[in-house]
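Structure below is entry-v2.cif: mmCIF, C-alpha atoms and all ligand atoms.
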data_coords
loop_
_atom_site.label_atom_id
_atom_site.label_comp_id
_atom_site.auth_asym_id
_atom_site.auth_seq_id
_atom_site.Cartn_x
_atom_site.Cartn_y
_atom_site.Cartn_z
CA MET A 3 5.98 32.54 -4.50
CA PHE A 4 4.80 30.66 -1.38
CA ARG A 5 7.75 29.78 0.83
CA VAL A 6 6.87 28.53 4.33
CA ALA A 7 4.58 25.64 5.32
CA VAL A 8 3.35 24.70 8.80
CA ILE A 9 2.34 21.05 9.14
CA THR A 10 0.80 19.53 12.26
CA GLY A 11 1.15 15.84 13.09
CA ALA A 12 4.29 15.83 10.98
CA SER A 13 6.39 13.33 12.94
CA ARG A 14 5.11 10.24 11.12
CA GLY A 15 2.49 8.82 8.77
CA ILE A 16 0.65 11.15 6.40
CA GLY A 17 2.04 14.36 7.96
CA ALA A 18 5.67 13.26 7.57
CA GLU A 19 5.10 12.46 3.91
CA ILE A 20 3.32 15.78 3.30
CA ALA A 21 6.36 17.49 4.87
CA ARG A 22 8.78 15.56 2.66
CA GLN A 23 6.87 16.29 -0.55
CA LEU A 24 6.38 19.99 0.28
CA SER A 25 10.10 20.26 1.01
CA VAL A 26 10.93 18.65 -2.34
CA ALA A 27 8.58 21.23 -3.89
CA GLY A 28 10.71 23.98 -2.28
CA TYR A 29 8.82 24.94 0.91
CA GLU A 30 10.61 25.61 4.19
CA LEU A 31 9.00 23.62 7.00
CA ALA A 32 7.73 24.30 10.52
CA LEU A 33 6.75 20.86 11.80
CA ILE A 34 4.50 20.22 14.80
CA ALA A 35 3.89 17.12 16.93
CA SER A 36 2.83 16.68 20.56
CA GLY A 37 5.52 14.18 21.48
CA PRO A 38 9.21 15.04 21.70
CA TRP A 39 11.11 14.98 18.39
CA LYS A 40 13.97 12.47 18.54
CA GLU A 41 15.78 14.43 15.83
CA THR A 42 14.98 16.99 13.15
CA PRO A 43 14.09 15.15 9.92
CA GLU A 44 16.51 15.69 7.05
CA TYR A 45 14.58 17.31 4.21
CA PRO A 46 16.02 19.35 1.35
CA THR A 47 14.84 22.73 2.76
CA LYS A 48 15.11 24.51 6.12
CA THR A 49 13.20 22.48 8.71
CA VAL A 50 12.40 23.39 12.33
CA THR A 51 10.45 21.15 14.72
CA TYR A 52 8.02 22.30 17.42
CA GLN A 53 6.48 20.29 20.26
CA VAL A 54 2.96 21.44 21.06
CA ASP A 55 -0.43 19.86 21.71
CA VAL A 56 -2.66 21.33 18.98
CA SER A 57 -5.67 21.22 21.33
CA ASP A 58 -4.03 23.80 23.65
CA PHE A 59 -5.20 27.24 22.43
CA THR A 60 -2.63 29.28 24.36
CA ALA A 61 0.33 27.00 23.62
CA VAL A 62 -0.53 27.02 19.89
CA LYS A 63 -0.61 30.84 19.98
CA GLN A 64 2.94 30.88 21.39
CA THR A 65 4.17 28.30 18.85
CA VAL A 66 2.74 30.30 15.94
CA ALA A 67 4.51 33.41 17.29
CA ASP A 68 7.77 31.41 17.48
CA ILE A 69 7.32 30.19 13.87
CA LYS A 70 6.62 33.73 12.62
CA LYS A 71 9.75 34.98 14.37
CA GLU A 72 11.87 32.16 12.90
CA PHE A 73 10.56 32.19 9.31
CA GLY A 74 9.11 35.72 8.89
CA GLN A 75 5.99 34.52 7.08
CA ILE A 76 3.53 31.58 6.91
CA ASP A 77 2.10 30.71 3.49
CA VAL A 78 0.68 27.21 3.85
CA LEU A 79 -0.99 25.53 6.84
CA VAL A 80 -1.67 21.79 6.74
CA ASN A 81 -3.90 20.79 9.67
CA ASN A 82 -3.08 17.09 9.77
CA ALA A 83 -2.73 16.11 13.47
CA GLY A 84 -5.36 13.60 14.51
CA ILE A 85 -6.11 10.63 16.74
CA THR A 86 -8.69 7.85 17.02
CA ARG A 87 -10.27 6.40 20.16
CA ASP A 88 -12.74 3.95 18.67
CA MET A 89 -15.59 2.43 20.66
CA LEU A 90 -19.25 1.58 20.14
CA ILE A 91 -21.49 4.51 21.03
CA MET A 92 -23.05 2.74 24.03
CA GLN A 93 -19.62 2.18 25.59
CA MET A 94 -17.81 5.36 24.54
CA SER A 95 -16.57 7.44 27.48
CA GLU A 96 -17.09 11.18 27.67
CA GLU A 97 -13.32 11.59 27.89
CA ASP A 98 -12.71 9.68 24.64
CA TYR A 99 -15.37 11.71 22.86
CA ASP A 100 -13.97 15.03 24.10
CA ARG A 101 -10.30 14.20 23.48
CA VAL A 102 -10.90 13.26 19.83
CA LEU A 103 -12.94 16.41 19.21
CA ASP A 104 -10.33 18.54 21.04
CA ILE A 105 -7.40 17.34 18.95
CA ASN A 106 -9.02 16.66 15.57
CA LEU A 107 -11.43 19.61 15.36
CA LYS A 108 -10.52 22.25 17.93
CA GLY A 109 -6.87 21.66 17.01
CA GLN A 110 -7.60 22.71 13.43
CA PHE A 111 -9.50 25.78 14.71
CA ASN A 112 -6.60 26.72 17.01
CA LEU A 113 -4.04 26.72 14.18
CA ILE A 114 -6.32 28.63 11.79
CA ARG A 115 -7.26 31.10 14.52
CA HIS A 116 -3.64 32.04 15.18
CA ILE A 117 -2.22 31.77 11.64
CA SER A 118 -5.04 33.48 9.71
CA PRO A 119 -4.12 36.99 10.98
CA ILE A 120 -0.66 36.48 9.46
CA MET A 121 -2.14 35.29 6.14
CA LEU A 122 -4.66 38.17 6.17
CA ARG A 123 -1.84 40.70 6.46
CA GLN A 124 -0.03 38.94 3.61
CA ARG A 125 -3.27 38.85 1.60
CA SER A 126 -2.44 35.29 0.57
CA GLY A 127 -2.31 31.80 2.00
CA ARG A 128 -3.41 28.22 1.64
CA ILE A 129 -5.11 26.23 4.40
CA ILE A 130 -5.48 22.47 3.98
CA ASN A 131 -7.46 20.50 6.57
CA ILE A 132 -7.14 16.72 6.72
CA SER A 133 -10.64 15.38 7.23
CA SER A 134 -11.67 11.76 6.51
CA VAL A 135 -14.10 9.74 4.44
CA ALA A 136 -15.60 8.88 7.88
CA GLY A 137 -16.71 12.51 8.10
CA LEU A 138 -18.63 12.09 4.86
CA ILE A 139 -20.25 8.66 5.21
CA GLY A 140 -19.78 7.84 8.92
CA ASN A 141 -18.23 4.71 10.40
CA ALA A 142 -19.55 2.33 13.05
CA GLY A 143 -17.38 2.52 16.16
CA GLN A 144 -16.10 5.99 15.28
CA THR A 145 -18.85 8.41 16.36
CA ASN A 146 -16.27 10.69 18.00
CA TYR A 147 -13.84 10.55 15.07
CA ALA A 148 -16.53 10.92 12.37
CA SER A 149 -18.04 13.87 14.27
CA SER A 150 -14.66 15.58 14.37
CA LYS A 151 -14.00 14.95 10.68
CA ALA A 152 -17.48 16.11 9.61
CA GLY A 153 -16.86 19.19 11.77
CA SER A 154 -13.61 19.76 9.91
CA ILE A 155 -15.58 20.00 6.66
CA GLY A 156 -17.93 22.65 8.11
CA LEU A 157 -14.90 24.49 9.45
CA THR A 158 -13.22 24.30 6.04
CA LYS A 159 -16.20 25.71 4.14
CA SER A 160 -16.84 28.52 6.64
CA VAL A 161 -13.18 29.56 6.71
CA ALA A 162 -13.10 29.36 2.90
CA ARG A 163 -16.04 31.80 2.65
CA GLU A 164 -14.65 34.12 5.31
CA LEU A 165 -11.09 34.39 3.98
CA ALA A 166 -11.74 34.21 0.22
CA PRO A 167 -12.03 38.01 -0.18
CA ARG A 168 -8.41 38.28 1.04
CA GLY A 169 -7.04 35.72 -1.43
CA ILE A 170 -6.74 32.87 1.10
CA THR A 171 -8.05 29.44 0.11
CA CYS A 172 -9.18 26.69 2.49
CA ASN A 173 -9.80 23.13 1.34
CA ALA A 174 -10.12 19.69 2.90
CA ILE A 175 -8.76 16.30 1.94
CA ALA A 176 -10.82 13.26 2.94
CA PRO A 177 -8.51 10.23 2.98
CA GLY A 178 -9.94 6.72 2.95
CA PHE A 179 -7.92 3.79 4.33
CA ILE A 180 -4.26 4.83 4.35
CA GLU A 181 -1.43 2.60 5.65
CA THR A 182 -0.01 4.32 8.77
CA ASP A 183 0.33 3.68 12.54
CA MET A 184 -3.32 4.76 12.86
CA THR A 185 -4.59 1.86 10.77
CA LYS A 186 -1.95 -0.83 11.35
CA ASP A 187 -4.07 -2.83 13.81
CA LEU A 188 -7.32 -2.63 11.82
CA ASP A 189 -8.55 -5.66 9.93
CA VAL A 190 -10.57 -4.26 7.05
CA PRO A 191 -11.99 -6.20 4.08
CA LEU A 192 -10.30 -3.90 1.57
CA LYS A 193 -11.55 -5.57 -1.59
CA GLN A 194 -15.19 -5.32 -0.49
CA MET A 195 -15.03 -1.76 0.84
CA ILE A 196 -12.77 -0.06 -1.70
CA PRO A 197 -13.59 -0.04 -5.43
CA LEU A 198 -9.87 0.19 -6.29
CA GLY A 199 -9.38 -2.90 -4.09
CA LYS A 200 -6.42 -1.77 -1.99
CA SER A 201 -5.38 0.63 0.74
CA GLY A 202 -3.78 3.99 -0.01
CA GLN A 203 -0.32 5.27 0.89
CA PRO A 204 0.67 8.52 2.68
CA SER A 205 2.16 9.63 -0.66
CA ASP A 206 -1.36 9.63 -2.19
CA ILE A 207 -2.52 12.20 0.37
CA ALA A 208 0.72 14.19 0.20
CA ALA A 209 0.46 14.56 -3.59
CA THR A 210 -3.02 16.07 -3.18
CA ALA A 211 -1.78 18.44 -0.46
CA VAL A 212 1.09 19.60 -2.69
CA PHE A 213 -1.42 20.24 -5.48
CA LEU A 214 -3.72 22.27 -3.19
CA ALA A 215 -0.70 24.34 -2.08
CA SER A 216 0.39 24.93 -5.68
CA GLU A 217 -0.29 27.81 -8.06
CA GLY A 218 -2.46 25.46 -10.14
CA ALA A 219 -5.03 25.27 -7.31
CA ARG A 220 -5.45 29.06 -6.91
CA TYR A 221 -9.12 29.00 -8.01
CA ILE A 222 -10.16 26.10 -5.72
CA THR A 223 -11.62 26.88 -2.28
CA GLY A 224 -14.14 25.24 0.05
CA GLU A 225 -13.62 21.92 -1.71
CA VAL A 226 -13.39 18.45 -0.14
CA ILE A 227 -11.24 16.08 -2.17
CA ARG A 228 -11.73 12.39 -1.43
CA VAL A 229 -8.53 10.36 -1.79
CA ASP A 230 -9.99 6.99 -0.94
CA GLY A 231 -9.91 4.57 -3.86
CA GLY A 232 -13.60 5.28 -4.38
CA MET A 233 -14.64 4.18 -0.86
CA GLY A 234 -16.86 7.19 -0.14
CA MET A 235 -18.69 7.57 -3.45
P1 LIG A 301 -0.59 8.81 12.70
O1 LIG A 301 0.35 7.98 11.91
O2 LIG A 301 -1.17 8.25 13.95
O3 LIG A 301 0.13 10.22 13.03
C1 LIG A 301 -0.56 11.20 13.75
C2 LIG A 301 0.31 12.44 13.89
O4 LIG A 301 -0.42 13.42 14.65
C3 LIG A 301 1.60 12.19 14.61
O5 LIG A 301 2.63 12.99 14.08
C4 LIG A 301 1.27 12.63 16.04
O6 LIG A 301 2.46 12.95 16.72
C5 LIG A 301 0.37 13.84 15.76
N1 LIG A 301 -0.49 14.21 16.88
C6 LIG A 301 -1.39 13.44 17.55
N2 LIG A 301 -1.97 14.13 18.54
C7 LIG A 301 -1.45 15.37 18.49
C8 LIG A 301 -1.65 16.55 19.26
N3 LIG A 301 -2.50 16.58 20.30
N4 LIG A 301 -0.94 17.66 18.95
C9 LIG A 301 -0.04 17.65 17.93
N5 LIG A 301 0.18 16.57 17.15
C10 LIG A 301 -0.52 15.45 17.44
O7 LIG A 301 -1.84 9.27 11.82
P2 LIG A 301 -2.04 9.32 10.22
O8 LIG A 301 -2.66 8.06 9.79
O9 LIG A 301 -0.80 9.80 9.56
O10 LIG A 301 -3.18 10.44 10.15
C11 LIG A 301 -2.91 11.79 9.83
C12 LIG A 301 -4.24 12.51 9.64
O11 LIG A 301 -4.96 11.87 8.58
C13 LIG A 301 -5.17 12.47 10.86
O12 LIG A 301 -5.87 13.67 10.98
C14 LIG A 301 -6.12 11.34 10.53
O13 LIG A 301 -7.33 11.46 11.20
C15 LIG A 301 -6.26 11.52 9.02
N6 LIG A 301 -6.74 10.33 8.35
C16 LIG A 301 -5.99 9.19 8.35
C17 LIG A 301 -6.48 8.05 7.68
C18 LIG A 301 -5.72 6.77 7.64
O14 LIG A 301 -6.26 5.79 7.09
N7 LIG A 301 -4.50 6.69 8.15
C19 LIG A 301 -7.72 8.11 7.06
C20 LIG A 301 -8.46 9.29 7.09
C21 LIG A 301 -7.95 10.40 7.71
P3 LIG A 301 2.56 12.82 18.31
O15 LIG A 301 1.95 11.51 18.68
O16 LIG A 301 3.97 12.97 18.67
O17 LIG A 301 1.80 14.00 18.77
#
Turn this file's structure into structure tokens for me.
Amino acid sequence: MFRVAVITGASRGIGAEIARQLSVAGYELALIASGPWKETPEYPTKTVTYQVDVSDFTAVKQTVADIKKEFGQIDVLVNNAGITRDMLIMQMSEEDYDRVLDINLKGQFNLIRHISPIMLRQRSGRIINISSVAGLIGNAGQTNYASSKAGSIGLTKSVARELAPRGITCNAIAPGFIETDMTKDLDVPLKQMIPLGKSGQPSDIAATAVFLASEGARYITGEVIRVDGGMGM
């Protein structure tokens, strides 16, 4: 039985809801964000918070060691931390391009790099990377973000192939337009862009993550599941 889940970007939005639903499903939680945690969220299972910037290779290594010491094992990794720095390509700064790639893509690599040895020794594990529909179909004004999210899909499929012989699965979720801090200032014509005619909720993504972590998903790996109201089809 899987017991311990590590979730990045878990202080709010989609990550916080994934944490809540995984806790309800019985997982103990190691929660990561880059900002300071005001308090430890009250979920039904053991919950410990960690402050680390996922783009920092060495700091992530130390945090993973701390989590292993605290919980003894790591069964599920949800790579959810992400940012946007939108700008038209002609005006996008090098810094904004690099920062988005560093957090959204290298951050996922950093966590997998340091957690996969633990899963390999256990000969089991589930890795879930949060990509985006922008990584599948692109989005004007988001060349940095879409690059990072398309990269996450390549990362997912390569890791899936590499770790499959040891019983570890790796899948991606590609959310569409989900109501969180990330999207609160965007003015999007939902009815025109989304066949289901409305935005999604963090709970829609969390339910898919809980499924991918569950026994029922044991034969699924290297998959990208769109949860987008049909936006990316
Ligand atoms: P959000 O509300 O802005 O939350 C982002 C989370 O990531 C926060 O917990 C934030 O905490 C954390 N974070 C940011 N930078 C970090 C870093 N360097 N190191 C560690 N943690 C970091 O975003 P969201 O909408 O829930 O998005 C979650 C994921 O879903 C992202 O990967 C996003 O790209 C993806 N997604 C979202 C949508 C959408 O419509 N909302 C659509 C497609 C994909 P701190 O600020 O404290 O670090």
_Selection as JSON, numbers by chain: residues within 8 Å of ligand LIG 301 (chain A) by only C-alpha atoms and all ligand atoms_ = {"A": [10, 11, 12, 13, 14, 15, 16, 17, 18, 34, 35, 36, 37, 38, 39, 53, 54, 55, 56, 57, 81, 82, 83, 84, 85, 86, 105, 106, 109, 132, 133, 134, 135, 136, 147, 151, 176, 177, 178, 179, 180, 181, 182, 183, 184, 185, 202, 204]}
Can I get the residues of stretch 159-222 of chain A within 9 Å of stretch 113-118 of chain A, each with the closest pair of atoms and their distance in Å to one decimal, using all atoms listed in the file, sorted chain first then ascending number, as a tab-separated table?
residue	atom	partner	partner_atom	distance
A:Val161	CA	A:Ile114	CA	8.6
A:Leu165	CA	A:Ser118	CA	8.4
A:Ile170	CA	A:Ser118	CA	8.8
*Top pick for closest residue to A:Met92, considering A:Pro119, A:Gly143, A:Pro167, A:Gly218 and counting all atoms listed in the file*: A:Gly143
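A straight line drawn from atom CA of A:Leu79 to atom CA of A:Met233 is 26.5 Å long.
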*Please identify all polymer residues within 8 Å of A:Ala21, counting only C-alpha atoms, omitting same-chain residues fewer than 5 positions from it, and present them as a list of chain:residue names.*
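Contacts, with the query itself left out: A:Ile9, A:Ala12, A:Leu31, A:Leu33.
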*From A:Arg228, A:Arg5, A:Lys193, A:Arg168, residue lying nearest A:Gly74 [all atoms listed in the file]*: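 Closest residue, counting all atoms listed in the file: A:Arg5.
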For the contact check between stretch 15-102 of chain A and stretch 120-127 of chain A, emit one row per residue of stretch 15-102 of chain A within 8 Å, containing the shortest atom pair and the distance in Å rounded to one decimal, counting all atoms listed in the file, chain then rising number order, as CSV.
residue,atom,partner,partner_atom,distance
A:Gln75,CA,A:Ile120,CA,7.3
A:Ile76,CA,A:Met121,CA,6.8
A:Asp77,CA,A:Gly127,CA,4.8
A:Val78,CA,A:Gly127,CA,5.8
File of the preceding selection, C-alpha atoms, as a short mmCIF file (atom, residue, chain, number, x, y, z; two decimals), keeping the file's coordinate frame:
data_model
loop_
_atom_site.label_atom_id
_atom_site.label_comp_id
_atom_site.auth_asym_id
_atom_site.auth_seq_id
_atom_site.Cartn_x
_atom_site.Cartn_y
_atom_site.Cartn_z
CA GLN A 75 5.99 34.52 7.08
CA ILE A 76 3.53 31.58 6.91
CA ASP A 77 2.10 30.71 3.49
CA VAL A 78 0.68 27.21 3.85
#
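Checking A:Val6, A:Ala208, A:Ile222, A:Leu107 one by one against A:Ala162, counting all atoms listed in the file, you find the shortest gap at A:Ile222.
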